[in-house]
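Visitor: Input structure: model_34.pdb, which contains PDB, C-alpha atoms, pLDDT in the B column.
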```pdb
ATOM      1  CA  MET W 232     -18.624 -22.438   5.755  1.00 71.00           C
ATOM      2  CA  ALA W 233     -16.371 -19.545   6.725  1.00 82.00           C
ATOM      3  CA  ASN W 234     -17.437 -15.918   6.964  1.00 91.00           C
ATOM      4  CA  VAL W 235     -15.051 -13.344   5.506  1.00 93.00           C
ATOM      5  CA  VAL W 236     -14.795  -9.741   6.673  1.00 93.00           C
ATOM      6  CA  GLU W 237     -12.699  -7.349   4.573  1.00 93.00           C
ATOM      7  CA  VAL W 238     -11.922  -3.877   5.935  1.00 92.00           C
ATOM      8  CA  LEU W 239      -9.424  -1.029   5.683  1.00 90.00           C
ATOM      9  CA  VAL W 240      -7.907  -0.209   9.063  1.00 90.00           C
ATOM     10  CA  PRO W 241      -5.258   2.277  10.176  1.00 89.00           C
ATOM     11  CA  GLY W 242      -2.001   0.366  10.639  1.00 87.00           C
ATOM     12  CA  GLY W 243      -1.315  -0.440  14.286  1.00 89.00           C
ATOM     13  CA  LYS W 244      -4.442   1.423  15.406  1.00 91.00           C
ATOM     14  CA  ALA W 245      -7.376  -0.886  14.696  1.00 91.00           C
ATOM     15  CA  SER W 246     -10.126  -0.788  17.317  1.00 92.00           C
ATOM     16  CA  ALA W 247     -13.192  -2.776  18.289  1.00 91.00           C
ATOM     17  CA  GLY W 248     -15.329   0.077  16.976  1.00 90.00           C
ATOM     18  CA  PRO W 249     -16.451   0.388  13.370  1.00 90.00           C
ATOM     19  CA  PRO W 250     -15.703  -1.120  10.933  1.00 88.00           C
ATOM     20  CA  LEU W 251     -14.373  -4.221  12.752  1.00 90.00           C
ATOM     21  CA  GLY W 252     -16.595  -4.540  15.813  1.00 90.00           C
ATOM     22  CA  PRO W 253     -19.978  -4.428  14.064  1.00 91.00           C
ATOM     23  CA  ALA W 254     -18.770  -6.844  11.372  1.00 91.00           C
ATOM     24  CA  LEU W 255     -17.135  -9.381  13.714  1.00 92.00           C
ATOM     25  CA  GLY W 256     -19.484  -9.181  16.715  1.00 90.00           C
ATOM     26  CA  PRO W 257     -22.389 -11.119  15.153  1.00 91.00           C
ATOM     27  CA  LEU W 258     -19.969 -13.904  14.156  1.00 91.00           C
ATOM     28  CA  GLY W 259     -19.271 -14.658  17.827  1.00 90.00           C
ATOM     29  CA  VAL W 260     -15.507 -14.270  17.613  1.00 92.00           C
ATOM     30  CA  ASN W 261     -13.541 -12.471  20.360  1.00 93.00           C
ATOM     31  CA  VAL W 262     -13.224  -9.037  18.745  1.00 93.00           C
ATOM     32  CA  ALA W 263     -10.507  -7.865  21.169  1.00 93.00           C
ATOM     33  CA  ASP W 264      -8.271 -10.821  20.235  1.00 94.00           C
ATOM     34  CA  VAL W 265      -8.759 -10.173  16.525  1.00 93.00           C
ATOM     35  CA  VAL W 266      -7.997  -6.452  16.949  1.00 94.00           C
ATOM     36  CA  LYS W 267      -4.862  -7.279  18.960  1.00 94.00           C
ATOM     37  CA  LYS W 268      -3.658  -9.666  16.240  1.00 94.00           C
ATOM     38  CA  ILE W 269      -4.330  -7.065  13.508  1.00 93.00           C
ATOM     39  CA  ASN W 270      -2.476  -4.342  15.425  1.00 92.00           C
ATOM     40  CA  GLU W 271       0.537  -6.607  15.925  1.00 92.00           C
ATOM     41  CA  ALA W 272       0.613  -7.485  12.212  1.00 90.00           C
ATOM     42  CA  THR W 273       0.244  -3.864  11.077  1.00 88.00           C
ATOM     43  CA  ALA W 274       2.437  -2.117  13.655  1.00 87.00           C
ATOM     44  CA  ASP W 275       5.130  -1.239  11.094  1.00 82.00           C
ATOM     45  CA  LEU W 276       2.506   0.384   8.839  1.00 82.00           C
ATOM     46  CA  ASN W 277       1.550   2.914  11.502  1.00 80.00           C
ATOM     47  CA  GLY W 278      -1.018   5.433  10.332  1.00 74.00           C
ATOM     48  CA  MET W 279      -1.425   4.008   6.816  1.00 83.00           C
ATOM     49  CA  GLN W 280      -4.706   2.485   5.658  1.00 85.00           C
ATOM     50  CA  VAL W 281      -4.133  -1.268   5.419  1.00 88.00           C
ATOM     51  CA  PRO W 282      -6.498  -3.805   3.850  1.00 91.00           C
ATOM     52  CA  VAL W 283      -7.253  -6.672   6.255  1.00 93.00           C
ATOM     53  CA  LYS W 284      -9.219  -9.848   5.621  1.00 95.00           C
ATOM     54  CA  VAL W 285     -10.513 -11.819   8.609  1.00 94.00           C
ATOM     55  CA  THR W 286     -11.778 -15.323   7.837  1.00 94.00           C
ATOM     56  CA  VAL W 287     -13.944 -16.651  10.666  1.00 93.00           C
ATOM     57  CA  LYS W 288     -14.465 -20.427  10.659  1.00 93.00           C
ATOM     58  CA  SER W 289     -15.921 -20.713  14.167  1.00 90.00           C
ATOM     59  CA  ARG W 290     -16.088 -18.752  17.437  1.00 88.00           C
ATOM     60  CA  THR W 291     -12.531 -19.750  18.278  1.00 89.00           C
ATOM     61  CA  GLU W 292     -11.011 -20.340  14.863  1.00 92.00           C
ATOM     62  CA  TYR W 293     -10.168 -17.379  12.640  1.00 93.00           C
ATOM     63  CA  GLN W 294      -7.393 -16.219  10.332  1.00 94.00           C
ATOM     64  CA  VAL W 295      -6.145 -12.672   9.786  1.00 93.00           C
ATOM     65  CA  ASP W 296      -4.579 -11.790   6.418  1.00 93.00           C
ATOM     66  CA  VAL W 297      -2.952  -8.378   6.087  1.00 90.00           C
ATOM     67  CA  GLY W 298      -2.571  -6.905   2.607  1.00 89.00           C
ATOM     68  CA  THR W 299      -0.255  -4.145   1.480  1.00 87.00           C
ATOM     69  CA  PRO W 300      -1.365  -0.527   1.653  1.00 88.00           C
ATOM     70  CA  PRO W 301      -2.381   1.194  -1.575  1.00 88.00           C
ATOM     71  CA  THR W 302       0.497   2.426  -3.756  1.00 91.00           C
ATOM     72  CA  SER W 303      -0.570   6.009  -3.130  1.00 90.00           C
ATOM     73  CA  ALA W 304      -0.242   5.561   0.649  1.00 88.00           C
ATOM     74  CA  LEU W 305       3.273   4.130   0.263  1.00 91.00           C
ATOM     75  CA  VAL W 306       4.271   7.011  -2.026  1.00 93.00           C
ATOM     76  CA  LEU W 307       2.940   9.573   0.468  1.00 92.00           C
ATOM     77  CA  LYS W 308       4.892   7.901   3.267  1.00 89.00           C
ATOM     78  CA  GLU W 309       8.100   8.096   1.205  1.00 92.00           C
ATOM     79  CA  VAL W 310       7.535  11.774   0.364  1.00 93.00           C
ATOM     80  CA  GLY W 311       6.445  12.604   3.909  1.00 91.00           C
ATOM     81  CA  LEU W 312       3.098  14.140   2.981  1.00 90.00           C
ATOM     82  CA  GLU W 313      -0.416  13.635   4.334  1.00 86.00           C
ATOM     83  CA  LYS W 314      -1.985  13.770   0.871  1.00 87.00           C
ATOM     84  CA  GLY W 315      -1.185  14.471  -2.761  1.00 87.00           C
ATOM     85  CA  SER W 316      -2.115  17.652  -4.597  1.00 87.00           C
ATOM     86  CA  GLY W 317      -5.298  16.258  -6.139  1.00 78.00           C
ATOM     87  CA  ASN W 318      -4.201  18.041  -9.311  1.00 77.00           C
ATOM     88  CA  ALA W 319      -1.662  16.354 -11.578  1.00 72.00           C
ATOM     89  CA  LEU W 320      -0.416  19.777 -12.696  1.00 80.00           C
ATOM     90  CA  GLU W 321       0.337  21.011  -9.156  1.00 87.00           C
ATOM     91  CA  MET W 322       3.564  19.406  -7.932  1.00 90.00           C
ATOM     92  CA  VAL W 323       3.831  18.919  -4.167  1.00 93.00           C
ATOM     93  CA  GLY W 324       6.728  16.491  -3.775  1.00 93.00           C
ATOM     94  CA  ASN W 325       9.523  14.509  -5.382  1.00 96.00           C
ATOM     95  CA  LEU W 326      10.666  10.885  -5.131  1.00 96.00           C
ATOM     96  CA  THR W 327      14.047   9.487  -5.988  1.00 96.00           C
ATOM     97  CA  MET W 328      14.231   6.422  -8.204  1.00 96.00           C
ATOM     98  CA  ASP W 329      15.484   4.464  -5.160  1.00 95.00           C
ATOM     99  CA  GLN W 330      12.243   5.331  -3.356  1.00 96.00           C
ATOM    100  CA  VAL W 331      10.212   4.311  -6.417  1.00 96.00           C
ATOM    101  CA  VAL W 332      12.026   0.940  -6.450  1.00 95.00           C
ATOM    102  CA  LYS W 333      11.332   0.514  -2.711  1.00 93.00           C
ATOM    103  CA  VAL W 334       7.586   1.086  -3.215  1.00 93.00           C
ATOM    104  CA  ALA W 335       7.543  -1.143  -6.313  1.00 92.00           C
ATOM    105  CA  GLY W 336       9.262  -3.897  -4.301  1.00 89.00           C
ATOM    106  CA  ILE W 337       6.647  -3.711  -1.551  1.00 86.00           C
ATOM    107  CA  LYS W 338       3.760  -3.741  -4.048  1.00 87.00           C
ATOM    108  CA  ARG W 339       5.344  -6.202  -6.510  1.00 83.00           C
ATOM    109  CA  ASN W 340       3.008  -9.111  -5.724  1.00 79.00           C
ATOM    110  CA  ASN W 341      -0.069  -6.893  -6.062  1.00 79.00           C
ATOM    111  CA  LEU W 342       0.857  -5.215  -9.355  1.00 79.00           C
ATOM    112  CA  LEU W 343       0.232  -6.541 -12.842  1.00 79.00           C
ATOM    113  CA  SER W 344       3.878  -6.034 -13.767  1.00 84.00           C
ATOM    114  CA  VAL W 345       6.170  -8.909 -14.696  1.00 86.00           C
ATOM    115  CA  SER W 346       9.409  -6.973 -14.144  1.00 90.00           C
ATOM    116  CA  LEU W 347      10.733  -4.437 -11.655  1.00 92.00           C
ATOM    117  CA  LYS W 348      11.068  -1.964 -14.533  1.00 93.00           C
ATOM    118  CA  SER W 349       7.367  -2.135 -15.387  1.00 93.00           C
ATOM    119  CA  ALA W 350       6.433  -2.090 -11.676  1.00 93.00           C
ATOM    120  CA  ALA W 351       8.466   1.113 -11.285  1.00 95.00           C
ATOM    121  CA  LYS W 352       6.582   2.623 -14.231  1.00 95.00           C
ATOM    122  CA  GLU W 353       3.274   1.786 -12.528  1.00 94.00           C
ATOM    123  CA  VAL W 354       4.443   3.511  -9.338  1.00 95.00           C
ATOM    124  CA  ILE W 355       5.607   6.528 -11.366  1.00 96.00           C
ATOM    125  CA  GLY W 356       2.138   6.664 -12.935  1.00 94.00           C
ATOM    126  CA  THR W 357       0.596   6.813  -9.479  1.00 93.00           C
ATOM    127  CA  CYS W 358       3.022   9.584  -8.522  1.00 94.00           C
ATOM    128  CA  GLY W 359       1.939  11.607 -11.538  1.00 91.00           C
ATOM    129  CA  THR W 360      -1.722  11.580 -10.551  1.00 90.00           C
ATOM    130  CA  MET W 361      -0.793  12.779  -7.059  1.00 93.00           C
ATOM    131  CA  GLY W 362       1.338  15.726  -8.159  1.00 94.00           C
ATOM    132  CA  ILE W 363       4.627  14.053  -7.248  1.00 95.00           C
ATOM    133  CA  THR W 364       7.642  14.153  -9.544  1.00 95.00           C
ATOM    134  CA  VAL W 365      10.300  11.451  -9.841  1.00 96.00           C
ATOM    135  CA  GLU W 366      13.908  12.628  -9.912  1.00 96.00           C
ATOM    136  CA  GLY W 367      12.478  16.096 -10.643  1.00 94.00           C
ATOM    137  CA  MET W 368      10.654  14.872 -13.770  1.00 95.00           C
ATOM    138  CA  PRO W 369       6.903  14.745 -14.393  1.00 94.00           C
ATOM    139  CA  ARG W 370       5.300  11.324 -14.864  1.00 93.00           C
ATOM    140  CA  LYS W 371       5.562  10.946 -18.645  1.00 95.00           C
ATOM    141  CA  GLU W 372       9.157  12.165 -18.722  1.00 96.00           C
ATOM    142  CA  ALA W 373      10.170   9.834 -15.872  1.00 96.00           C
ATOM    143  CA  GLN W 374       8.489   6.848 -17.541  1.00 96.00           C
ATOM    144  CA  ALA W 375      10.267   7.691 -20.815  1.00 96.00           C
ATOM    145  CA  ALA W 376      13.579   7.851 -18.913  1.00 96.00           C
ATOM    146  CA  VAL W 377      12.905   4.355 -17.546  1.00 95.00           C
ATOM    147  CA  ASP W 378      12.136   3.128 -21.077  1.00 95.00           C
ATOM    148  CA  GLU W 379      15.351   4.703 -22.378  1.00 95.00           C
ATOM    149  CA  GLY W 380      17.347   2.813 -19.771  1.00 93.00           C
ATOM    150  CA  ARG W 381      18.532   5.787 -17.689  1.00 94.00           C
ATOM    151  CA  PHE W 382      17.775   3.894 -14.465  1.00 94.00           C
ATOM    152  CA  ASP W 383      18.754   0.379 -15.550  1.00 92.00           C
ATOM    153  CA  GLU W 384      21.415   0.123 -12.812  1.00 92.00           C
ATOM    154  CA  ILE W 385      18.839   0.736 -10.090  1.00 90.00           C
ATOM    155  CA  LEU W 386      16.178  -1.426 -11.768  1.00 88.00           C
ATOM    156  CA  ALA W 387      18.462  -4.417 -12.414  1.00 83.00           C
TER     157      ALA W 387
END
```
Please go through the file and, once you have read it, give me the structure as structure tokens.
Guide:
Amino acid sequence: MANVVEVLVPGGKASAGPPLGPALGPLGVNVADVVKKINEATADLNGMQVPVKVTVKSRTEYQVDVGTPPTSALVLKEVGLEKGSGNALEMVGNLTMDQVVKVAGIKRNNLLSVSLKSAAKEVIGTCGTMGITVEGMPRKEAQAAVDEGRFDEILA
């Protein structure tokens, strides 16, 4: 039976310290090798919190699965901020619809949406809670614009 360890690690900067080391050490796996593999797989997500699942079958046999960062982390990366406003009424940044589509494309397999249009609306919803506008519009207005077809060319 395999043991599964699920953790959030900073992309490209995982270490043998907590949370990985204490979780993997008792399983007998080479923690340094696992950390190296995780850092290689998450190098392009530098600084973002990335969900990682390590399945340990034996001391020498393990599998590392890297998930996608949370939508909020991807949005912050696109806007170039460390964190959102924490207040949906205080706007701290703006995304273009192209950036929304980029984030929706990355998260597509992890969202409940069946179309790119509905995935974009989910991303816009996340933006709204973080105090980030889309094309200069607040969340509800931007989602209504998507529904009206204003961005159909980009969302095709």
Visitor: Could you give me, as a list in words, the residues within 10 Å of Lys268 (chain W), counting all atoms listed in the file and dropping anything in the same chain fewer than 3 positions from it?
Guide: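 These residues fall inside the cut-off: Gly243, Ala245, Val262, Ala263, Asp264, Val265, Glu271, Ala272, Thr273, Gln294 and Val295 of chain W.
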Visitor: At most 10 Å from (4.7, 0.0, -10.6), file frame, only C-alpha atoms: which residues, as a list in words?
Guide: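 Residues with an atom at most 10 Å from (4.7, 0.0, -10.6): Thr302, Val331, Val332, Val334, Ala335, Gly336, Ile337, Lys338, Arg339, Asn341, Leu342, Leu343, Ser344, Val345, Ser346, Leu347, Lys348, Ser349, Ala350, Ala351, Lys352, Glu353, Val354, Ile355, Gly356, Thr357 and Cys358 of chain W.
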Visitor: So what do you get for CA of Val260 (chain W) versus CA of Asp296 (chain W), distance-wise?
Guide: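 CA of Asp296 (chain W) lies at a distance of 15.8 Å from CA of Val260 (chain W).
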Visitor: On this structure, which residues satisfy the PyMOL selection byres ((chain W and resi 240) around 6), written as a ChimeraX atom specification?
Guide: /W:239,241,245,280-281
Visitor: Residues at most 8 Å from Glu366 (chain W), counting all atoms listed in the file, excluding those fewer than 3 positions away in the same chain, as a short mmCIF file (atom, residue, chain, number, x, y, z; two decimals) with C-alpha atoms, in the frame of the given file?
Guide:
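Output contents, as saved in part-v9.cif:
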```
data_model
loop_
_atom_site.label_atom_id
_atom_site.label_comp_id
_atom_site.auth_asym_id
_atom_site.auth_seq_id
_atom_site.Cartn_x
_atom_site.Cartn_y
_atom_site.Cartn_z
CA ASN W 325 9.52 14.51 -5.38
CA LEU W 326 10.67 10.88 -5.13
CA THR W 327 14.05 9.49 -5.99
CA MET W 328 14.23 6.42 -8.20
CA ALA W 373 10.17 9.83 -15.87
#
```
